[in-house]
>>> print(open('protein.tsv').read())   # TSV, C-alpha atoms
chain	number	residue	atom	x	y	z
A	1	MET	CA	-39.27	14.45	1.96
A	2	ILE	CA	-36.58	16.46	0.20
A	3	SER	CA	-36.76	15.80	-3.51
A	4	ASP	CA	-33.96	18.09	-4.66
A	5	PRO	CA	-30.59	17.16	-3.14
A	6	VAL	CA	-29.13	20.63	-3.63
A	7	PHE	CA	-31.43	21.92	-0.86
A	8	ILE	CA	-29.18	20.08	1.56
A	9	LEU	CA	-26.38	22.50	0.69
A	10	HIS	CA	-28.16	25.80	1.31
A	11	ASN	CA	-26.79	26.22	4.83
A	12	PHE	CA	-23.25	25.54	3.73
A	13	LYS	CA	-20.60	27.28	5.80
A	14	ILE	CA	-16.85	26.78	6.10
A	15	ARG	CA	-15.72	26.47	9.70
A	16	LYS	CA	-12.15	26.55	10.89
A	17	VAL	CA	-11.20	23.39	12.78
A	18	ASN	CA	-8.15	23.04	14.97
A	19	LEU	CA	-5.80	20.29	13.80
A	20	ASN	CA	-4.53	18.39	16.81
A	21	MET	CA	-1.87	16.27	15.16
A	22	ASP	CA	1.85	16.04	14.58
A	23	MET	CA	2.68	17.36	11.13
A	24	GLU	CA	6.06	15.74	10.75
A	25	THR	CA	6.90	12.11	10.09
A	26	LYS	CA	10.17	10.19	10.38
A	27	HIS	CA	11.48	7.46	8.10
A	28	LYS	CA	14.41	5.15	8.78
A	29	ILE	CA	15.94	2.50	6.52
A	30	TYR	CA	18.26	-0.24	7.78
A	31	PHE	CA	20.36	-1.81	5.06
A	32	GLU	CA	20.56	-5.17	6.76
A	33	SER	CA	18.66	-8.43	7.13
A	34	SER	CA	15.24	-8.42	8.78
A	35	LEU	CA	15.78	-11.89	10.27
A	36	ASN	CA	16.67	-10.06	13.48
A	37	MET	CA	15.07	-6.62	13.88
A	38	GLY	CA	16.55	-6.03	17.31
A	39	SER	CA	16.66	-2.27	16.70
A	40	ILE	CA	12.83	-2.21	16.92
A	41	PRO	CA	11.29	-2.44	20.41
A	42	ASP	CA	8.52	-4.90	21.20
A	43	ASN	CA	4.97	-3.75	20.48
A	44	SER	CA	6.02	-0.53	18.72
A	45	ILE	CA	4.73	-0.99	15.15
A	46	ASP	CA	1.16	-0.13	14.12
A	47	LEU	CA	1.08	-1.72	10.66
A	48	ILE	CA	3.30	-4.03	8.62
A	49	VAL	CA	3.00	-3.83	4.84
A	50	THR	CA	5.45	-5.86	2.80
A	51	SER	CA	6.07	-8.07	-0.20
A	52	PRO	CA	8.75	-10.66	0.64
A	53	PRO	CA	10.89	-12.59	-1.84
A	54	TYR	CA	8.74	-15.40	-3.25
A	55	PRO	CA	9.98	-18.92	-2.50
A	56	MET	CA	10.53	-21.08	-5.59
A	57	ILE	CA	10.69	-18.10	-7.96
A	58	GLN	CA	14.10	-18.44	-9.57
A	59	MET	CA	15.05	-14.77	-9.28
A	60	TRP	CA	15.03	-15.12	-5.48
A	61	ASP	CA	17.12	-18.32	-5.28
A	62	ASP	CA	20.38	-16.53	-4.48
A	63	ILE	CA	18.82	-14.38	-1.74
A	64	PHE	CA	17.41	-17.44	0.00
A	65	SER	CA	20.55	-19.52	-0.50
A	66	THR	CA	22.73	-16.90	1.19
A	67	GLN	CA	20.48	-17.18	4.27
A	68	ASP	CA	20.62	-20.99	4.40
A	69	LYS	CA	23.13	-23.09	2.45
A	70	LYS	CA	20.80	-26.09	2.68
A	71	ILE	CA	18.53	-24.32	0.18
A	72	GLU	CA	21.22	-24.26	-2.48
A	73	LYS	CA	21.88	-27.96	-1.90
A	74	ALA	CA	18.18	-28.82	-2.15
A	75	LEU	CA	17.92	-26.93	-5.45
A	76	ASN	CA	21.04	-28.64	-6.79
A	77	ASP	CA	19.57	-31.98	-5.71
A	78	ARG	CA	16.38	-30.99	-7.55
A	79	ASP	CA	14.29	-31.51	-4.44
A	80	GLY	CA	11.60	-28.89	-4.93
A	81	ASN	CA	9.52	-29.67	-1.85
A	82	LYS	CA	12.52	-29.51	0.46
A	83	ALA	CA	13.74	-26.24	-1.07
A	84	PHE	CA	10.22	-24.80	-0.74
A	85	GLU	CA	10.04	-25.63	2.97
A	86	LEU	CA	13.58	-24.39	3.69
A	87	MET	CA	12.89	-21.06	1.97
A	88	HIS	CA	9.78	-20.60	4.07
A	89	GLY	CA	11.82	-21.46	7.13
A	90	VAL	CA	13.84	-18.30	6.40
A	91	LEU	CA	10.66	-16.23	6.08
A	92	ASP	CA	9.25	-17.76	9.26
A	93	SER	CA	12.00	-16.02	11.24
A	94	VAL	CA	10.89	-12.66	9.82
A	95	TRP	CA	7.23	-13.33	10.61
A	96	ASN	CA	8.23	-14.23	14.19
A	97	GLU	CA	9.96	-10.87	14.49
A	98	ALA	CA	6.96	-9.17	12.90
A	99	TYR	CA	4.70	-10.58	15.60
A	100	ARG	CA	7.07	-9.38	18.31
A	101	VAL	CA	7.27	-5.77	17.15
A	102	LEU	CA	3.60	-5.31	16.18
A	103	ARG	CA	1.29	-3.66	18.70
A	104	SER	CA	-1.81	-5.44	19.91
A	105	GLY	CA	-4.57	-4.50	17.50
A	106	GLY	CA	-2.07	-3.87	14.70
A	107	PHE	CA	-2.38	-5.39	11.23
A	108	ALA	CA	0.07	-7.09	8.89
A	109	CYS	CA	-0.61	-7.05	5.15
A	110	ILE	CA	1.61	-9.39	3.17
A	111	ASN	CA	1.60	-9.33	-0.61
A	112	ILE	CA	2.60	-12.76	-1.96
A	113	GLY	CA	2.20	-14.78	-5.11
A	114	ASP	CA	2.29	-18.53	-5.54
A	115	ALA	CA	5.06	-20.03	-7.66
A	116	THR	CA	5.17	-22.50	-10.52
A	117	ARG	CA	8.33	-24.34	-11.40
A	118	THR	CA	9.49	-27.35	-13.36
A	119	ILE	CA	11.91	-29.63	-11.49
A	120	ASN	CA	12.91	-33.05	-12.83
A	121	GLU	CA	10.52	-32.43	-15.75
A	122	ASN	CA	7.65	-32.17	-13.28
A	123	PHE	CA	5.68	-28.92	-13.37
A	124	ALA	CA	4.12	-28.02	-10.02
A	125	LEU	CA	2.52	-25.21	-8.05
A	126	TYR	CA	4.17	-24.12	-4.81
A	127	PRO	CA	1.44	-22.46	-2.69
A	128	ASN	CA	3.34	-19.67	-0.95
A	129	HIS	CA	0.28	-17.87	0.37
A	130	THR	CA	-1.04	-21.00	2.10
A	131	ARG	CA	2.31	-21.82	3.72
A	132	ILE	CA	2.77	-18.28	5.06
A	133	LEU	CA	-0.78	-18.07	6.39
A	134	HIS	CA	-0.39	-21.35	8.28
A	135	HIS	CA	2.70	-20.06	10.05
A	136	LEU	CA	1.11	-16.69	10.85
A	137	ARG	CA	-1.79	-18.47	12.51
A	138	ASP	CA	0.55	-20.83	14.38
A	139	ILE	CA	2.45	-17.95	16.02
A	140	GLY	CA	-0.70	-16.17	17.18
A	141	PHE	CA	-2.00	-13.94	14.41
A	142	THR	CA	-5.73	-13.83	13.68
A	143	SER	CA	-6.38	-14.33	9.99
A	144	LEU	CA	-8.87	-11.99	8.29
A	145	PRO	CA	-10.35	-12.07	4.78
A	146	ASP	CA	-7.56	-11.72	2.25
A	147	ILE	CA	-7.48	-9.74	-1.00
A	148	ILE	CA	-6.80	-11.05	-4.47
A	149	TRP	CA	-5.54	-8.56	-7.01
A	150	ARG	CA	-5.29	-9.19	-10.71
A	151	LYS	CA	-1.69	-8.77	-11.74
A	152	GLN	CA	-2.22	-8.36	-15.46
A	153	THR	CA	1.33	-8.83	-16.61
A	154	ASN	CA	0.96	-11.85	-18.88
A	155	ALA	CA	0.01	-11.69	-22.53
A	156	PRO	CA	-3.70	-12.51	-23.03
A	157	ASN	CA	-2.91	-15.15	-25.66
A	158	LYS	CA	-0.32	-16.95	-23.54
A	159	PHE	CA	-1.01	-20.63	-22.93
A	160	MET	CA	0.97	-23.32	-21.16
A	161	GLY	CA	1.22	-27.08	-20.99
A	162	SER	CA	-0.41	-28.91	-23.91
A	163	GLY	CA	-1.82	-25.80	-25.55
A	164	MET	CA	-5.07	-26.51	-27.38
A	165	LEU	CA	-5.03	-30.22	-26.63
A	166	PRO	CA	-6.68	-31.64	-23.52
A	167	ALA	CA	-5.89	-32.79	-20.94
A	168	GLY	CA	-2.44	-31.66	-19.91
A	169	ALA	CA	-2.70	-27.88	-19.95
A	170	TYR	CA	-2.56	-25.65	-16.91
A	171	VAL	CA	-3.68	-22.12	-16.29
A	172	THR	CA	-1.36	-19.13	-15.96
A	173	LEU	CA	-1.00	-17.29	-12.66
A	174	GLU	CA	-2.24	-13.72	-13.13
A	175	HIS	CA	-3.16	-12.85	-9.56
A	176	GLU	CA	-1.48	-12.37	-6.22
A	177	TYR	CA	-2.71	-12.45	-2.64
A	178	ILE	CA	-2.65	-9.85	0.09
A	179	LEU	CA	-2.80	-11.76	3.36
A	180	VAL	CA	-4.38	-9.67	6.12
A	181	VAL	CA	-3.80	-10.68	9.75
A	182	ARG	CA	-4.18	-8.94	13.09
A	183	LYS	CA	-2.30	-9.29	16.36
A	184	GLY	CA	-4.61	-9.42	19.37
A	185	SER	CA	-8.09	-7.92	19.53
A	186	LYS	CA	-9.62	-4.98	17.73
A	187	ARG	CA	-7.71	-1.71	18.02
A	188	GLU	CA	-9.21	0.94	20.28
A	189	PHE	CA	-8.94	4.74	20.17
A	190	PRO	CA	-9.83	5.79	23.74
A	191	LYS	CA	-8.43	9.34	23.88
A	192	GLU	CA	-10.23	12.29	22.29
A	193	SER	CA	-7.06	13.25	20.39
A	194	GLU	CA	-6.88	9.71	19.02
A	195	LYS	CA	-10.53	9.81	17.96
A	196	LEU	CA	-9.99	13.11	16.14
A	197	ASN	CA	-6.87	11.86	14.38
A	198	ARG	CA	-8.79	8.76	13.30
A	199	ARG	CA	-11.56	10.93	11.82
A	200	GLN	CA	-8.99	13.07	10.02
A	201	SER	CA	-7.53	9.85	8.55
A	202	ALA	CA	-10.88	8.69	7.13
A	203	LEU	CA	-11.51	7.42	3.63
A	204	PHE	CA	-14.16	8.81	1.33
A	205	TRP	CA	-17.31	6.67	1.30
A	206	GLU	CA	-16.82	5.72	-2.34
A	207	GLU	CA	-13.17	4.83	-1.71
A	208	ARG	CA	-14.13	2.62	1.19
A	209	ASN	CA	-16.58	0.71	-1.03
A	210	ASP	CA	-13.86	0.05	-3.60
A	211	PHE	CA	-10.98	-0.66	-1.23
A	212	PHE	CA	-12.73	-3.08	1.12
A	213	SER	CA	-13.52	-5.62	-1.56
A	214	ASP	CA	-11.75	-8.96	-1.64
A	215	ILE	CA	-10.93	-8.72	-5.36
A	216	TRP	CA	-9.10	-5.75	-6.89
A	217	PHE	CA	-9.15	-5.40	-10.66
A	218	ASP	CA	-8.06	-1.76	-10.87
A	219	ILE	CA	-4.39	-2.10	-9.87
A	220	LYS	CA	-1.87	-3.15	-12.48
A	221	GLY	CA	1.49	-4.80	-11.92
A	222	THR	CA	4.29	-2.25	-11.83
A	223	ARG	CA	7.31	-2.21	-14.10
A	224	GLN	CA	10.06	-4.33	-12.53
A	225	GLY	CA	12.94	-4.18	-15.00
A	226	ARG	CA	16.14	-2.62	-13.67
A	227	LYS	CA	18.71	-0.45	-15.37
A	228	ALA	CA	21.64	-2.24	-16.97
A	229	LYS	CA	24.17	-0.94	-14.42
A	230	ASP	CA	22.03	-2.29	-11.56
A	231	ARG	CA	21.70	-5.72	-13.19
A	232	LYS	CA	25.44	-6.28	-12.90
A	233	THR	CA	25.32	-6.19	-9.11
A	234	SER	CA	21.97	-7.79	-8.36
A	235	ARG	CA	18.88	-9.41	-9.83
A	236	ARG	CA	17.42	-8.10	-13.07
A	237	ARG	CA	13.95	-7.46	-11.66
A	238	SER	CA	13.11	-5.47	-8.57
A	239	GLY	CA	10.02	-7.44	-7.50
A	240	ALA	CA	8.37	-4.13	-6.56
A	241	PHE	CA	4.67	-3.96	-5.85
A	242	PRO	CA	2.63	-1.02	-7.21
A	243	PHE	CA	2.59	2.25	-5.27
A	244	GLU	CA	-1.23	2.38	-5.38
A	245	LEU	CA	-1.44	-1.06	-3.73
A	246	VAL	CA	0.67	-0.20	-0.68
A	247	TYR	CA	-0.74	3.36	-0.46
A	248	ARG	CA	-4.23	1.91	-0.35
A	249	LEU	CA	-3.35	-0.63	2.35
A	250	ILE	CA	-1.69	2.00	4.54
A	251	ASN	CA	-4.78	4.21	4.36
A	252	MET	CA	-7.07	1.24	5.08
A	253	TYR	CA	-5.28	-0.21	8.10
A	254	SER	CA	-3.59	2.72	9.89
A	255	VAL	CA	-4.10	6.35	10.90
A	256	LYS	CA	-1.92	9.41	10.44
A	257	GLY	CA	1.20	9.36	12.59
A	258	ASP	CA	1.26	5.56	12.87
A	259	MET	CA	4.51	3.64	12.49
A	260	ILE	CA	4.68	1.43	9.39
A	261	LEU	CA	7.21	-1.38	8.97
A	262	ASP	CA	8.37	-3.03	5.77
A	263	PRO	CA	10.88	-5.86	6.44
A	264	PHE	CA	11.59	-6.17	2.68
A	265	MET	CA	11.87	-2.57	1.47
A	266	GLY	CA	13.15	-3.23	-2.05
A	267	THR	CA	13.08	0.01	-4.07
A	268	GLY	CA	11.35	2.00	-1.34
A	269	THR	CA	7.73	1.88	-2.49
A	270	SER	CA	6.33	1.42	1.01
A	271	MET	CA	8.39	4.33	2.35
A	272	ALA	CA	7.07	6.56	-0.44
A	273	ALA	CA	3.49	5.49	0.32
A	274	ALA	CA	3.98	6.11	4.04
A	275	MET	CA	5.30	9.61	3.30
A	276	ALA	CA	2.33	10.31	1.03
A	277	SER	CA	-0.06	9.13	3.77
A	278	ALA	CA	1.50	11.13	6.66
A	279	ARG	CA	2.68	7.97	8.42
A	280	ASN	CA	6.11	7.18	9.87
A	281	CYS	CA	8.00	4.16	8.61
A	282	ILE	CA	10.89	1.81	9.23
A	283	GLY	CA	12.29	-0.42	6.52
A	284	PHE	CA	14.86	-3.18	6.15
A	285	GLU	CA	16.62	-4.12	2.91
A	286	ILE	CA	19.43	-6.66	2.66
A	287	ASP	CA	20.29	-5.95	-1.00
A	288	ASN	CA	22.58	-2.92	-1.03
A	289	SER	CA	22.08	-2.44	-4.75
A	290	PHE	CA	18.68	-0.92	-3.88
A	291	LYS	CA	20.21	1.74	-1.64
A	292	LYS	CA	20.40	4.31	-4.44
A	293	ASP	CA	16.75	3.69	-5.39
A	294	ILE	CA	15.53	4.07	-1.82
A	295	LEU	CA	17.53	7.23	-1.10
A	296	ALA	CA	16.26	8.77	-4.35
A	297	VAL	CA	12.65	8.64	-3.12
A	298	LYS	CA	13.14	12.04	-1.47
A	299	ASN	CA	13.82	13.73	-4.82
A	300	ASN	CA	10.29	13.51	-6.21
A	301	ILE	CA	7.99	12.39	-3.43
A	302	VAL	CA	6.58	15.84	-2.55
A	303	ASP	CA	5.25	16.57	-6.05
A	304	TYR	CA	4.21	12.97	-6.61
A	305	SER	CA	2.32	12.66	-3.33
A	306	ASN	CA	0.52	15.94	-3.81
A	307	GLN	CA	-0.60	14.80	-7.25
A	308	VAL	CA	-1.95	11.60	-5.69
A	309	ILE	CA	-3.84	13.67	-3.10
A	310	GLN	CA	-5.20	16.01	-5.76
A	311	THR	CA	-6.40	13.03	-7.76
A	312	ARG	CA	-8.31	11.71	-4.74
A	313	LEU	CA	-9.98	15.10	-4.20
A	314	ASN	CA	-10.86	15.45	-7.87
A	315	LYS	CA	-12.35	11.97	-7.95
A	316	HIS	CA	-14.51	12.78	-4.94
A	317	ILE	CA	-15.80	15.97	-6.57
A	318	ASP	CA	-16.64	13.98	-9.72
A	319	PHE	CA	-18.43	11.42	-7.55
A	320	VAL	CA	-20.52	14.13	-5.85
A	321	LYS	CA	-21.36	15.69	-9.19
A	322	GLU	CA	-22.67	12.41	-10.59
A	323	ARG	CA	-24.60	11.62	-7.42
A	324	LEU	CA	-26.37	14.97	-7.48
A	325	LYS	CA	-27.24	14.50	-11.14
A	326	LEU	CA	-28.99	11.29	-10.11
A	327	LYS	CA	-31.00	13.26	-7.49
A	328	LYS	CA	-29.46	11.32	-4.62
A	329	ILE	CA	-29.31	12.99	-1.23
A	330	ILE	CA	-25.98	13.96	0.35
A	331	LYS	CA	-26.58	14.90	3.97
A	332	HIS	CA	-23.19	16.05	5.22
A	333	ASN	CA	-20.44	18.55	4.42
A	334	ASN	CA	-16.73	18.16	5.10
A	335	GLU	CA	-15.60	20.64	7.76
A	336	PHE	CA	-12.31	21.48	6.03
A	337	TYR	CA	-13.15	21.64	2.35
A	338	GLY	CA	-16.86	22.25	2.59
A	339	PHE	CA	-17.80	19.85	-0.19
A	340	PRO	CA	-20.56	17.26	0.35
A	341	VAL	CA	-19.74	13.85	1.81
A	342	ILE	CA	-21.98	10.85	2.28
A	343	THR	CA	-21.39	10.00	5.93
A	344	ASN	CA	-20.76	11.78	9.21
A	345	GLN	CA	-17.45	9.90	9.48
A	346	GLU	CA	-16.06	11.89	6.53
A	347	LYS	CA	-16.74	15.33	8.01
A	348	PHE	CA	-13.22	15.73	9.43
A	349	LEU	CA	-11.35	14.00	6.61
A	350	ILE	CA	-8.35	16.03	5.44
A	351	LEU	CA	-5.57	15.07	3.02
A	352	ASN	CA	-2.42	16.85	4.16
A	353	GLU	CA	-0.10	17.99	1.41
A	354	LEU	CA	3.63	17.41	1.74
A	355	ILE	CA	5.78	20.53	2.10
A	356	LYS	CA	9.34	19.26	2.22
A	357	VAL	CA	11.54	16.23	2.80
A	358	LYS	CA	14.82	16.48	4.69
A	359	GLN	CA	17.53	13.85	4.76
A	360	ILE	CA	18.76	13.88	8.36
A	361	LYS	CA	21.49	11.36	7.58
A	362	SER	CA	21.93	8.45	5.22
A	363	GLY	CA	18.76	6.37	5.28
A	364	HIS	CA	16.99	8.71	7.71
A	365	PHE	CA	14.41	11.28	6.56
A	366	SER	CA	11.82	13.65	7.98
A	367	VAL	CA	8.77	14.93	6.12
A	368	GLY	CA	6.79	18.09	6.87
A	369	TYR	CA	3.10	18.54	6.02
A	370	SER	CA	0.63	21.37	5.70
A	371	LYS	CA	-1.88	21.63	8.55
A	372	THR	CA	-4.45	23.43	6.40
A	373	PRO	CA	-6.58	22.12	3.53
A	374	GLN	CA	-5.71	22.97	-0.06
A	375	GLU	CA	-7.08	26.47	-0.70
A	376	LYS	CA	-8.35	25.79	-4.21
A	377	TYR	CA	-10.72	23.15	-2.81
A	378	CYS	CA	-12.08	25.35	0.01
A	379	LEU	CA	-14.95	26.94	-1.90
A	380	ASP	CA	-18.59	27.76	-1.47
A	381	TRP	CA	-19.55	24.36	-2.84
A	382	GLY	CA	-23.18	24.94	-1.98
A	383	LYS	CA	-23.28	27.86	-4.41
A	384	ILE	CA	-21.38	25.94	-7.05
A	385	PHE	CA	-23.71	22.94	-6.92
A	386	ASP	CA	-26.92	24.97	-6.49
A	387	ASN	CA	-26.18	27.05	-9.54
A	388	LYS	CA	-25.03	24.02	-11.50
A	389	LEU	CA	-21.66	25.66	-12.12
A	390	LEU	CA	-19.55	22.58	-11.52
A	391	ASP	CA	-19.13	21.93	-15.24
A	392	ASP	CA	-17.54	25.36	-15.51
A	393	PHE	CA	-15.42	24.90	-12.41
A	394	LYS	CA	-12.00	23.84	-13.61
A	395	ILE	CA	-9.42	22.04	-11.52
A	396	LYS	CA	-6.40	20.90	-13.46
A	397	LYS	CA	-6.59	17.15	-13.69
A	398	THR	CA	-3.50	15.11	-12.91
A	399	ASN	CA	-2.23	12.37	-15.14
A	400	ASP	CA	-3.06	8.72	-14.64
A	401	LEU	CA	-1.31	7.18	-11.64
A	402	HIS	CA	0.52	4.61	-13.74
A	403	ARG	CA	1.86	7.31	-16.03
A	404	ARG	CA	3.10	9.18	-12.95
A	405	ASP	CA	4.79	6.00	-11.75
A	406	GLU	CA	6.94	6.12	-14.87
A	407	GLN	CA	7.59	9.82	-14.42
A	408	LEU	CA	8.64	9.33	-10.81
A	409	GLU	CA	10.93	6.40	-11.66
A	410	LEU	CA	11.21	5.40	-8.02
A	411	PHE	CA	9.65	2.01	-8.10
>>> encode(input="protein.tsv", output="structure tokens")
Amino acid sequence: MISDPVFILHNFKIRKVNLNMDMETKHKIYFESSLNMGSIPDNSIDLIVTSPPYPMIQMWDDIFSTQDKKIEKALNDRDGNKAFELMHGVLDSVWNEAYRVLRSGGFACINIGDATRTINENFALYPNHTRILHHLRDIGFTSLPDIIWRKQTNAPNKFMGSGMLPAGAYVTLEHEYILVVRKGSKREFPKESEKLNRRQSALFWEERNDFFSDIWFDIKGTRQGRKAKDRKTSRRRSGAFPFELVYRLINMYSVKGDMILDPFMGTGTSMAAAMASARNCIGFEIDNSFKKDILAVKNNIVDYSNQVIQTRLNKHIDFVKERLKLKKIIKHNNEFYGFPVITNQEKFLILNELIKVKQIKSGHFSVGYSKTPQEKYCLDWGKIFDNKLLDDFKIKKTNDLHRRDEQLELF
């Protein structure tokens, strides 16, 4: 038995590996309704990641009412249940289109929160996630375990209803759901080129353990206030979901070069995450006031994405360092970077840095990527770990992701 894990690293050697993959992605935004996505062929999308407008949340009333005038009447008549069902009728048309365009084996990840609203002095919960999931199952999707993430946006001392006095109080909603469904059976990767691309798209072992949990506590709700000039033409809040949330889902449920669809693009978060992940994307957004936000993604996405990638690499190195300190064995080395990895499935993992973004025409972008690993991470890690030099090895740490969100000012 090997008692000292650093022995595993003695035969360390960097080997050059041919990258058999397309290093350019394309991104197209349609500033129109997603009720009819006729521009997308059947069975052409690999993954859908979206956060639709939430029925029975007041900020979305106008958007729904413009799609169906009966919704406005139901709200004016103070018929909450009817308005709730009519709003979901609008979304049903989008989910029908989503099923049409998704490939067999493809996933859809839908971020949705339930709503609470007082109508006719009656406070009630409107269970959006349940209503959407029922329809997804009815049209043929297979439902998979969903994810709950803690959206910590409410003050910790906030209380509702009767306050301190029983028994008329009700709890606050501080979580949202990510519904995960699949079209058809499990996705296959029969070709050797597809298998290699899948291995190059792998997650780190420690990331996989965190990501594939049904409760996420580590993602915070993103800032949703809009600038004063934007508020005059549209709603005051963007409804955006956090970059880390959609970036994580894209890396969990797709491989590099896949086509991602967001039927409700909003400020462009899903496009930014697709760019950062070396995936293609198509988006739809009916609210033209978001056009400026979406088109501005290109201005900062290269630096921002490369910081996200560097953070992932730094976190893995920290993980390896702590594992070796605990005398735990690490049996494999990554073929590109040379650093230790836990499983054989991580040996061909590579995080491709962005090089440049080009705007081909309005709403249409291409992104180029480096085919080679980041040079500063391609070291003789065996020597570094054997000689216990990691504490002296300095890689400039990036700022916290949420701080970078503010710096980027895209979402």
>>> residues_around(input="protein.tsv", residues="Phe204 in chain A", least_positions_apart="5", cutoff="8 Å", atoms="all atoms listed in the file", output="compact mmCIF listing (two decimals) with C-alpha atoms, in the coordinates of the input")
# COMPACT_ATOMS: atom_id res chain seq x y z
CA HIS A 316 -14.51 12.78 -4.94
CA VAL A 341 -19.74 13.85 1.81
CA GLU A 346 -16.06 11.89 6.53
CA LEU A 349 -11.35 14.00 6.61
>>> residues_near_point(input="protein.tsv", point="(-0.2, 13.0, 9.3)", cutoff="10 Å", atoms="all atoms listed in the file", output="PDB file with C-alpha atoms, keeping the file's coordinate frame")
ATOM      1  CA  MET A  21      -1.870  16.270  15.160  1.00  0.00           C
ATOM      2  CA  ASP A  22       1.850  16.040  14.580  1.00  0.00           C
ATOM      3  CA  MET A  23       2.680  17.360  11.130  1.00  0.00           C
ATOM      4  CA  GLU A  24       6.060  15.740  10.750  1.00  0.00           C
ATOM      5  CA  THR A  25       6.900  12.110  10.090  1.00  0.00           C
ATOM      6  CA  ASN A 197      -6.870  11.860  14.380  1.00  0.00           C
ATOM      7  CA  GLN A 200      -8.990  13.070  10.020  1.00  0.00           C
ATOM      8  CA  SER A 201      -7.530   9.850   8.550  1.00  0.00           C
ATOM      9  CA  VAL A 255      -4.100   6.350  10.900  1.00  0.00           C
ATOM     10  CA  LYS A 256      -1.920   9.410  10.440  1.00  0.00           C
ATOM     11  CA  GLY A 257       1.200   9.360  12.590  1.00  0.00           C
ATOM     12  CA  ASP A 258       1.260   5.560  12.870  1.00  0.00           C
ATOM     13  CA  ALA A 274       3.980   6.110   4.040  1.00  0.00           C
ATOM     14  CA  MET A 275       5.300   9.610   3.300  1.00  0.00           C
ATOM     15  CA  ALA A 276       2.330  10.310   1.030  1.00  0.00           C
ATOM     16  CA  SER A 277      -0.060   9.130   3.770  1.00  0.00           C
ATOM     17  CA  ALA A 278       1.500  11.130   6.660  1.00  0.00           C
ATOM     18  CA  ARG A 279       2.680   7.970   8.420  1.00  0.00           C
ATOM     19  CA  ASN A 280       6.110   7.180   9.870  1.00  0.00           C
ATOM     20  CA  ILE A 350      -8.350  16.030   5.440  1.00  0.00           C
ATOM     21  CA  LEU A 351      -5.570  15.070   3.020  1.00  0.00           C
ATOM     22  CA  ASN A 352      -2.420  16.850   4.160  1.00  0.00           C
ATOM     23  CA  GLU A 353      -0.100  17.990   1.410  1.00  0.00           C
ATOM     24  CA  LEU A 354       3.630  17.410   1.740  1.00  0.00           C
ATOM     25  CA  VAL A 367       8.770  14.930   6.120  1.00  0.00           C
ATOM     26  CA  GLY A 368       6.790  18.090   6.870  1.00  0.00           C
ATOM     27  CA  TYR A 369       3.100  18.540   6.020  1.00  0.00           C
ATOM     28  CA  SER A 370       0.630  21.370   5.700  1.00  0.00           C
ATOM     29  CA  LYS A 371      -1.880  21.630   8.550  1.00  0.00           C
TER      30      LYS A 371
END
>>> closest_residue(input="protein.tsv", among="A:Ser213, A:Ser34, A:Asn334, A:Ser65", to="Ile148 in chain A", atoms="only C-alpha atoms")
A:Ser213
>>> residues_around(input="protein.tsv", residues="range 187-192 of chain A", least_positions_apart="2", cutoff="8 Å", atoms="all atoms listed in the file", output="list in words")
Ser104, Gly105, Gly106, Ser185, Glu194, Lys195, Leu196 and Arg198 of chain A
>>> closest_residue(input="protein.tsv", among="A:Asn344, A:Asn120, A:Ser93, A:Ser305", to="His332 in chain A", atoms="only C-alpha atoms")
A:Asn344
>>> atom_distance(input="protein.tsv", atom1="CA of Leu326 in chain A", atom2="CA of Glu206 in chain A")
15.5 Å
>>> atom_distance(input="protein.tsv", atom1="CA of Phe31 in chain A", atom2="CA of Phe290 in chain A")
9.1 Å
>>> closest_residue(input="protein.tsv", among="A:Tyr337, A:Tyr377, A:Phe84, A:Phe107", to="Phe64 in chain A", atoms="all atoms listed in the file")
A:Phe84
>>> atom_distance(input="protein.tsv", atom1="CA of Thr372 in chain A", atom2="CA of Gly283 in chain A")
29.1 Å
>>> residues_around(input="protein.tsv", residues="Ile45 in chain A", least_positions_apart="6", cutoff="8 Å", atoms="all atoms listed in the file", output="MDAnalysis selection string")
chainID A and resid 101:103 106 258:261
>>> closest_residue(input="protein.tsv", among="A:Ile139, A:Leu295, A:Pro242, A:Thr269", to="Ile360 in chain A", atoms="all atoms listed in the file")
A:Leu295
>>> residues_around(input="protein.tsv", residues="His134 in chain A", least_positions_apart="5", cutoff="12 Å", atoms="only C-alpha atoms", output="MDAnalysis selection string")
chainID A and resid 88 92 95 127:129 139:143 179 181
>>> decode(input="protein.tsv", residues="range 356-361 of chain A", atoms="N, CA and C atoms", output="PDB file, in the first residue's frame")
ATOM      1  N   LYS A 356     -11.370  36.178 -28.552  1.00  0.00           N
ATOM      2  CA  LYS A 356     -12.015  37.391 -29.052  1.00  0.00           C
ATOM      3  C   LYS A 356     -13.482  37.117 -29.371  1.00  0.00           C
ATOM      4  N   VAL A 357     -14.256  38.185 -29.366  1.00  0.00           N
ATOM      5  CA  VAL A 357     -15.662  38.144 -29.756  1.00  0.00           C
ATOM      6  C   VAL A 357     -15.851  39.099 -30.925  1.00  0.00           C
ATOM      7  N   LYS A 358     -16.511  38.635 -31.963  1.00  0.00           N
ATOM      8  CA  LYS A 358     -16.818  39.479 -33.112  1.00  0.00           C
ATOM      9  C   LYS A 358     -18.321  39.604 -33.273  1.00  0.00           C
ATOM     10  N   GLN A 359     -18.776  40.813 -33.523  1.00  0.00           N
ATOM     11  CA  GLN A 359     -20.185  41.013 -33.846  1.00  0.00           C
ATOM     12  C   GLN A 359     -20.318  40.936 -35.362  1.00  0.00           C
ATOM     13  N   ILE A 360     -20.949  39.872 -35.855  1.00  0.00           N
ATOM     14  CA  ILE A 360     -21.097  39.671 -37.290  1.00  0.00           C
ATOM     15  C   ILE A 360     -22.125  40.655 -37.844  1.00  0.00           C
ATOM     16  N   LYS A 361     -23.231  40.768 -37.141  1.00  0.00           N
ATOM     17  CA  LYS A 361     -24.247  41.779 -37.417  1.00  0.00           C
ATOM     18  C   LYS A 361     -25.050  41.945 -36.147  1.00  0.00           C
TER      19      LYS A 361
END
